[in-house]
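Visitor: Have a peek at protein.pdb (PDB, C-alpha atoms).
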ATOM      1  CA  MET D   1      26.825  68.791  17.446  1.00  0.00           C
ATOM      2  CA  THR D   2      23.761  71.014  17.192  1.00  0.00           C
ATOM      3  CA  LYS D   3      24.560  74.595  16.236  1.00  0.00           C
ATOM      4  CA  TYR D   4      22.470  77.403  17.707  1.00  0.00           C
ATOM      5  CA  ALA D   5      21.551  81.043  17.171  1.00  0.00           C
ATOM      6  CA  ILE D   6      19.974  83.133  19.919  1.00  0.00           C
ATOM      7  CA  ASP D   7      17.010  85.357  19.064  1.00  0.00           C
ATOM      8  CA  THR D   8      17.152  89.080  19.752  1.00  0.00           C
ATOM      9  CA  ASN D   9      14.531  88.897  22.493  1.00  0.00           C
ATOM     10  CA  LEU D  10      16.839  86.886  24.758  1.00  0.00           C
ATOM     11  CA  TYR D  11      19.750  89.316  24.363  1.00  0.00           C
ATOM     12  CA  VAL D  12      17.470  92.281  25.065  1.00  0.00           C
ATOM     13  CA  ASP D  13      15.911  90.540  28.059  1.00  0.00           C
ATOM     14  CA  ALA D  14      19.375  89.909  29.522  1.00  0.00           C
ATOM     15  CA  LEU D  15      20.381  93.542  28.986  1.00  0.00           C
ATOM     16  CA  ARG D  16      17.262  94.862  30.717  1.00  0.00           C
ATOM     17  CA  ASN D  17      16.918  92.444  33.615  1.00  0.00           C
ATOM     18  CA  PRO D  18      19.900  91.672  35.872  1.00  0.00           C
ATOM     19  CA  GLU D  19      18.384  88.402  37.148  1.00  0.00           C
ATOM     20  CA  ARG D  20      17.786  87.199  33.621  1.00  0.00           C
ATOM     21  CA  ALA D  21      21.290  88.312  32.679  1.00  0.00           C
ATOM     22  CA  VAL D  22      22.721  85.831  35.175  1.00  0.00           C
ATOM     23  CA  VAL D  23      20.653  83.006  33.672  1.00  0.00           C
ATOM     24  CA  PHE D  24      21.536  84.127  30.136  1.00  0.00           C
ATOM     25  CA  GLN D  25      25.279  84.228  30.875  1.00  0.00           C
ATOM     26  CA  SER D  26      25.211  80.778  32.437  1.00  0.00           C
ATOM     27  CA  HIS D  27      23.581  79.243  29.384  1.00  0.00           C
ATOM     28  CA  TYR D  28      25.577  81.368  26.962  1.00  0.00           C
ATOM     29  CA  ARG D  29      28.881  80.092  28.361  1.00  0.00           C
ATOM     30  CA  LYS D  30      27.696  76.495  28.142  1.00  0.00           C
ATOM     31  CA  LEU D  31      26.478  76.951  24.550  1.00  0.00           C
ATOM     32  CA  ALA D  32      29.394  79.133  23.365  1.00  0.00           C
ATOM     33  CA  PRO D  33      31.173  76.469  21.274  1.00  0.00           C
ATOM     34  CA  ALA D  34      27.961  75.891  19.316  1.00  0.00           C
ATOM     35  CA  LEU D  35      26.737  79.499  19.040  1.00  0.00           C
ATOM     36  CA  TYR D  36      26.458  81.554  15.869  1.00  0.00           C
ATOM     37  CA  MET D  37      25.221  85.110  15.413  1.00  0.00           C
ATOM     38  CA  SER D  38      22.609  85.950  12.818  1.00  0.00           C
ATOM     39  CA  ALA D  39      23.070  89.167  10.868  1.00  0.00           C
ATOM     40  CA  VAL D  40      19.307  89.690  11.349  1.00  0.00           C
ATOM     41  CA  VAL D  41      19.836  89.720  15.128  1.00  0.00           C
ATOM     42  CA  VAL D  42      22.817  92.054  14.716  1.00  0.00           C
ATOM     43  CA  GLU D  43      20.612  94.519  12.840  1.00  0.00           C
ATOM     44  CA  GLU D  44      17.926  94.413  15.535  1.00  0.00           C
ATOM     45  CA  LEU D  45      20.409  94.745  18.394  1.00  0.00           C
ATOM     46  CA  LEU D  46      22.250  97.671  16.809  1.00  0.00           C
ATOM     47  CA  ALA D  47      18.954  99.385  15.976  1.00  0.00           C
ATOM     48  CA  GLY D  48      18.097  99.205  19.669  1.00  0.00           C
ATOM     49  CA  ALA D  49      21.477 100.567  20.769  1.00  0.00           C
ATOM     50  CA  VAL D  50      20.334 104.152  20.463  1.00  0.00           C
ATOM     51  CA  THR D  51      23.543 105.757  21.685  1.00  0.00           C
ATOM     52  CA  ALA D  52      26.990 105.478  20.169  1.00  0.00           C
ATOM     53  CA  ALA D  53      28.331 104.216  23.505  1.00  0.00           C
ATOM     54  CA  ARG D  54      25.792 101.378  23.615  1.00  0.00           C
ATOM     55  CA  ALA D  55      26.591 100.403  20.043  1.00  0.00           C
ATOM     56  CA  ARG D  56      30.333 100.320  20.823  1.00  0.00           C
ATOM     57  CA  THR D  57      29.751  98.223  23.950  1.00  0.00           C
ATOM     58  CA  LEU D  58      27.506  95.804  22.073  1.00  0.00           C
ATOM     59  CA  THR D  59      30.052  95.486  19.290  1.00  0.00           C
ATOM     60  CA  ARG D  60      32.981  94.992  21.661  1.00  0.00           C
ATOM     61  CA  GLU D  61      31.290  92.663  24.169  1.00  0.00           C
ATOM     62  CA  VAL D  62      29.121  90.549  21.869  1.00  0.00           C
ATOM     63  CA  LEU D  63      29.572  90.963  18.143  1.00  0.00           C
ATOM     64  CA  GLU D  64      33.364  91.020  17.775  1.00  0.00           C
ATOM     65  CA  SER D  65      33.836  87.497  19.100  1.00  0.00           C
ATOM     66  CA  PHE D  66      31.461  86.111  16.477  1.00  0.00           C
ATOM     67  CA  GLU D  67      33.135  88.186  13.779  1.00  0.00           C
ATOM     68  CA  ARG D  68      36.630  87.046  14.805  1.00  0.00           C
ATOM     69  CA  THR D  69      35.646  83.375  14.769  1.00  0.00           C
ATOM     70  CA  GLY D  70      33.730  83.593  11.483  1.00  0.00           C
ATOM     71  CA  ARG D  71      30.453  82.599  13.119  1.00  0.00           C
ATOM     72  CA  VAL D  72      28.181  85.249  11.664  1.00  0.00           C
ATOM     73  CA  VAL D  73      25.348  83.942   9.513  1.00  0.00           C
ATOM     74  CA  THR D  74      24.180  86.285   6.767  1.00  0.00           C
ATOM     75  CA  PRO D  75      21.012  85.610   4.761  1.00  0.00           C
ATOM     76  CA  SER D  76      21.734  84.734   1.154  1.00  0.00           C
ATOM     77  CA  TYR D  77      19.764  85.946  -1.832  1.00  0.00           C
ATOM     78  CA  GLY D  78      17.913  82.620  -1.692  1.00  0.00           C
ATOM     79  CA  ALA D  79      16.981  83.243   1.949  1.00  0.00           C
ATOM     80  CA  TRP D  80      15.573  86.660   1.113  1.00  0.00           C
ATOM     81  CA  LYS D  81      13.625  85.147  -1.755  1.00  0.00           C
ATOM     82  CA  ARG D  82      12.282  82.282   0.396  1.00  0.00           C
ATOM     83  CA  SER D  83      11.376  84.777   3.125  1.00  0.00           C
ATOM     84  CA  GLY D  84       9.262  86.745   0.666  1.00  0.00           C
ATOM     85  CA  ASN D  85       7.538  83.552  -0.425  1.00  0.00           C
ATOM     86  CA  VAL D  86       6.780  82.581   3.191  1.00  0.00           C
ATOM     87  CA  LEU D  87       5.270  86.010   3.872  1.00  0.00           C
ATOM     88  CA  ALA D  88       3.169  85.792   0.706  1.00  0.00           C
ATOM     89  CA  SER D  89       1.979  82.338   1.699  1.00  0.00           C
ATOM     90  CA  LEU D  90       0.990  83.583   5.159  1.00  0.00           C
ATOM     91  CA  ALA D  91      -0.921  86.418   3.515  1.00  0.00           C
ATOM     92  CA  ARG D  92      -2.804  83.987   1.258  1.00  0.00           C
ATOM     93  CA  ARG D  93      -3.499  81.260   3.802  1.00  0.00           C
ATOM     94  CA  GLU D  94      -3.946  83.218   7.015  1.00  0.00           C
ATOM     95  CA  GLY D  95      -4.881  86.672   5.802  1.00  0.00           C
ATOM     96  CA  LEU D  96      -1.681  88.261   7.099  1.00  0.00           C
ATOM     97  CA  ASP D  97      -1.956  91.947   6.195  1.00  0.00           C
ATOM     98  CA  LEU D  98       1.513  92.722   4.881  1.00  0.00           C
ATOM     99  CA  ARG D  99       0.860  96.468   5.118  1.00  0.00           C
ATOM    100  CA  ARG D 100       0.408  96.176   8.879  1.00  0.00           C
ATOM    101  CA  VAL D 101       2.740  93.341   9.820  1.00  0.00           C
ATOM    102  CA  PRO D 102       5.407  94.460  12.304  1.00  0.00           C
ATOM    103  CA  LYS D 103       8.956  94.727  10.957  1.00  0.00           C
ATOM    104  CA  SER D 104       9.980  92.357  13.739  1.00  0.00           C
ATOM    105  CA  PHE D 105       7.787  89.613  12.246  1.00  0.00           C
ATOM    106  CA  VAL D 106       9.291  90.160   8.795  1.00  0.00           C
ATOM    107  CA  ASN D 107      12.735  89.885  10.426  1.00  0.00           C
ATOM    108  CA  ASP D 108      11.603  86.716  12.226  1.00  0.00           C
ATOM    109  CA  VAL D 109      10.742  85.095   8.903  1.00  0.00           C
ATOM    110  CA  LEU D 110      14.146  86.016   7.483  1.00  0.00           C
ATOM    111  CA  LEU D 111      15.824  84.792  10.674  1.00  0.00           C
ATOM    112  CA  ALA D 112      14.012  81.441  10.454  1.00  0.00           C
ATOM    113  CA  VAL D 113      14.917  80.965   6.798  1.00  0.00           C
ATOM    114  CA  SER D 114      18.562  81.916   7.281  1.00  0.00           C
ATOM    115  CA  CYS D 115      18.889  79.671  10.353  1.00  0.00           C
ATOM    116  CA  ARG D 116      17.651  76.717   8.333  1.00  0.00           C
ATOM    117  CA  GLU D 117      19.979  77.634   5.485  1.00  0.00           C
ATOM    118  CA  ALA D 118      22.933  77.579   7.927  1.00  0.00           C
ATOM    119  CA  GLY D 119      21.791  74.449   9.770  1.00  0.00           C
ATOM    120  CA  LEU D 120      21.123  76.322  13.021  1.00  0.00           C
ATOM    121  CA  THR D 121      18.504  75.765  15.678  1.00  0.00           C
ATOM    122  CA  LEU D 122      17.057  79.062  16.883  1.00  0.00           C
ATOM    123  CA  ILE D 123      16.678  79.633  20.629  1.00  0.00           C
ATOM    124  CA  THR D 124      13.744  81.979  21.251  1.00  0.00           C
ATOM    125  CA  GLU D 125      11.002  82.941  23.662  1.00  0.00           C
ATOM    126  CA  ASN D 126       8.859  84.022  20.729  1.00  0.00           C
ATOM    127  CA  LEU D 127       7.333  80.573  20.319  1.00  0.00           C
ATOM    128  CA  ASP D 128       3.970  81.632  18.879  1.00  0.00           C
ATOM    129  CA  ASP D 129       5.362  83.620  15.941  1.00  0.00           C
ATOM    130  CA  PHE D 130       7.950  80.988  15.089  1.00  0.00           C
ATOM    131  CA  ALA D 131       5.338  78.215  15.292  1.00  0.00           C
ATOM    132  CA  ARG D 132       3.251  80.253  12.849  1.00  0.00           C
ATOM    133  CA  ILE D 133       6.208  80.601  10.500  1.00  0.00           C
ATOM    134  CA  ARG D 134       6.977  76.893  10.795  1.00  0.00           C
ATOM    135  CA  ARG D 135       3.505  76.040   9.489  1.00  0.00           C
ATOM    136  CA  GLU D 136       4.729  77.496   6.182  1.00  0.00           C
ATOM    137  CA  PHE D 137       8.421  76.652   6.336  1.00  0.00           C
ATOM    138  CA  ARG D 138      10.206  73.893   8.243  1.00  0.00           C
ATOM    139  CA  PHE D 139      13.086  74.980  10.472  1.00  0.00           C
ATOM    140  CA  GLU D 140      14.245  74.179  13.986  1.00  0.00           C
ATOM    141  CA  PHE D 141      13.622  76.319  17.033  1.00  0.00           C
ATOM    142  CA  VAL D 142      13.533  75.671  20.769  1.00  0.00           C
ATOM    143  CA  ALA D 143      12.511  77.487  23.923  1.00  0.00           C
ATOM    144  CA  PRO D 144      15.275  78.642  26.233  1.00  0.00           C
ATOM    145  CA  TRP D 145      17.395  76.828  27.215  1.00  0.00           C
ATOM    146  CA  PRO D 146      18.220  73.595  25.376  1.00  0.00           C
ATOM    147  CA  ILE D 147      21.280  72.739  27.461  1.00  0.00           C
ATOM    148  CA  PRO D 148      20.888  73.106  31.229  1.00  0.00           C
ATOM    149  CA  PRO D 149      23.573  75.021  33.103  1.00  0.00           C
ATOM    150  CA  GLU D 150      25.850  73.086  35.401  1.00  0.00           C
ATOM    151  CA  GLY D 151      25.089  72.940  39.096  1.00  0.00           C
ATOM    152  CA  PRO D 152      22.126  71.846  41.150  1.00  0.00           C
ATOM    153  CA  SER D 153      20.871  75.345  41.989  1.00  0.00           C
ATOM    154  CA  ALA D 154      20.736  76.674  38.441  1.00  0.00           C
ATOM    155  CA  PRO D 155      17.626  78.830  37.949  1.00  0.00           C
ATOM    156  CA  SER D 156      14.922  77.363  35.770  1.00  0.00           C
ATOM    157  CA  ARG D 157      12.416  79.181  33.615  1.00  0.00           C
ATOM    158  CA  GLY D 158       9.394  77.049  32.920  1.00  0.00           C
ATOM    159  CA  ARG D 159       8.562  76.887  29.238  1.00  0.00           C
ATOM    160  CA  ARG D 160       6.107  74.959  27.215  1.00  0.00           C
TER     161      ARG D 160
END
What does this structure look like when you write it as structure tokens?

Guide:
Amino acid sequence: MTKYAIDTNLYVDALRNPERAVVFQSHYRKLAPALYMSAVVVEELLAGAVTAARARTLTREVLESFERTGRVVTPSYGAWKRSGNVLASLARREGLDLRRVPKSFVNDVLLAVSCREAGLTLITENLDDFARIRREFRFEFVAPWPIPPEGPSAPSRGRR
């Protein structure tokens, strides 16, 4: 069975857009037995939960179930090291200016490396950045959603 991690952008999208939340929940339930949470995504989600109440809700409604079931993936020292090497390679080959690169891109590299390390396929809408990373480092990622929800009227989001 393929194991998956969901990128931060999909969680945030579901929190901000009620229509997308319905689609997210439908797919989330279907994928639940194969889902893992990346510690990189946890950091980004908690950083965006700017009030204590939001952080508590996020922890209670999302994070605790992954913690209870032991399905949190944390980057190892080797993942951090590989991530640094990927960033350096992008700087050499593509002229990536590491002084100006967004923190989110640095996190994306670490997320990609740690997903590969854990044998996870990343589900993301951020296809361009992850395709760029994959030119330097092989890992698996897919556009939402790899497993269709049940039912004939399930909403579809066209993706390339």

Visitor: Skip Arg132 in chain D itself and residues of its chain fewer than 5 positions away, then list as a compact mmCIF listing (two decimals) with C-alpha atoms, keeping the file's coordinate frame all residues within 12 Å of it, counting all atoms listed in the file.

Guide:
# COMPACT_ATOMS: atom_id res chain seq x y z
CA VAL D 86 6.78 82.58 3.19
CA LEU D 87 5.27 86.01 3.87
CA SER D 89 1.98 82.34 1.70
CA LEU D 90 0.99 83.58 5.16
CA ALA D 91 -0.92 86.42 3.52
CA ARG D 93 -3.50 81.26 3.80
CA GLU D 94 -3.95 83.22 7.02
CA LEU D 96 -1.68 88.26 7.10
CA PHE D 105 7.79 89.61 12.25
CA ASP D 108 11.60 86.72 12.23
CA VAL D 109 10.74 85.10 8.90
CA ALA D 112 14.01 81.44 10.45
CA ASN D 126 8.86 84.02 20.73
CA LEU D 127 7.33 80.57 20.32
CA PHE D 137 8.42 76.65 6.34
CA ARG D 138 10.21 73.89 8.24
CA PHE D 139 13.09 74.98 10.47
CA PHE D 141 13.62 76.32 17.03

Visitor: For a cutoff of 10 Å around the file-coordinate point (20.5, 92.2, 18.3), which residues qualify once you count only C-alpha atoms? I'd like the result as a list of chain:residue names.

Guide: D:Ile6, D:Asp7, D:Thr8, D:Asn9, D:Leu10, D:Tyr11, D:Val12, D:Met37, D:Ser38, D:Ala39, D:Val40, D:Val41, D:Val42, D:Glu43, D:Glu44, D:Leu45, D:Leu46, D:Ala47, D:Gly48, D:Ala49, D:Leu58, D:Val62, D:Leu63

Visitor: Generate the output file for the selected residues, C-alpha atoms, as an mmCIF file, in the frame of the given file.

Guide:
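Result file is selection_36.cif:
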data_model
loop_
_atom_site.group_PDB
_atom_site.id
_atom_site.type_symbol
_atom_site.label_atom_id
_atom_site.label_comp_id
_atom_site.auth_asym_id
_atom_site.auth_seq_id
_atom_site.Cartn_x
_atom_site.Cartn_y
_atom_site.Cartn_z
ATOM 1 C CA ILE D 6 19.974 83.133 19.919
ATOM 2 C CA ASP D 7 17.010 85.357 19.064
ATOM 3 C CA THR D 8 17.152 89.080 19.752
ATOM 4 C CA ASN D 9 14.531 88.897 22.493
ATOM 5 C CA LEU D 10 16.839 86.886 24.758
ATOM 6 C CA TYR D 11 19.750 89.316 24.363
ATOM 7 C CA VAL D 12 17.470 92.281 25.065
ATOM 8 C CA MET D 37 25.221 85.110 15.413
ATOM 9 C CA SER D 38 22.609 85.950 12.818
ATOM 10 C CA ALA D 39 23.070 89.167 10.868
ATOM 11 C CA VAL D 40 19.307 89.690 11.349
ATOM 12 C CA VAL D 41 19.836 89.720 15.128
ATOM 13 C CA VAL D 42 22.817 92.054 14.716
ATOM 14 C CA GLU D 43 20.612 94.519 12.840
ATOM 15 C CA GLU D 44 17.926 94.413 15.535
ATOM 16 C CA LEU D 45 20.409 94.745 18.394
ATOM 17 C CA LEU D 46 22.250 97.671 16.809
ATOM 18 C CA ALA D 47 18.954 99.385 15.976
ATOM 19 C CA GLY D 48 18.097 99.205 19.669
ATOM 20 C CA ALA D 49 21.477 100.567 20.769
ATOM 21 C CA LEU D 58 27.506 95.804 22.073
ATOM 22 C CA VAL D 62 29.121 90.549 21.869
ATOM 23 C CA LEU D 63 29.572 90.963 18.143
#

Visitor: Quick one: distance from CA of Thr121 in chain D to CA of Arg92 in chain D in Å, one decimal?

Guide: 27.0 Å

Visitor: To one decimal place in Å, what is the distance between CA of Leu31 in chain D and CA of Leu110 in chain D?

Guide: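 Going from CA of Leu31 in chain D over to CA of Leu110 in chain D covers 22.9 Å.
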
Visitor: Using all atoms listed in the file, which residue out of D:Val22, D:Cys115, D:Ala14, D:Ile133 lies closest to Val72 in chain D?

Guide: D:Cys115
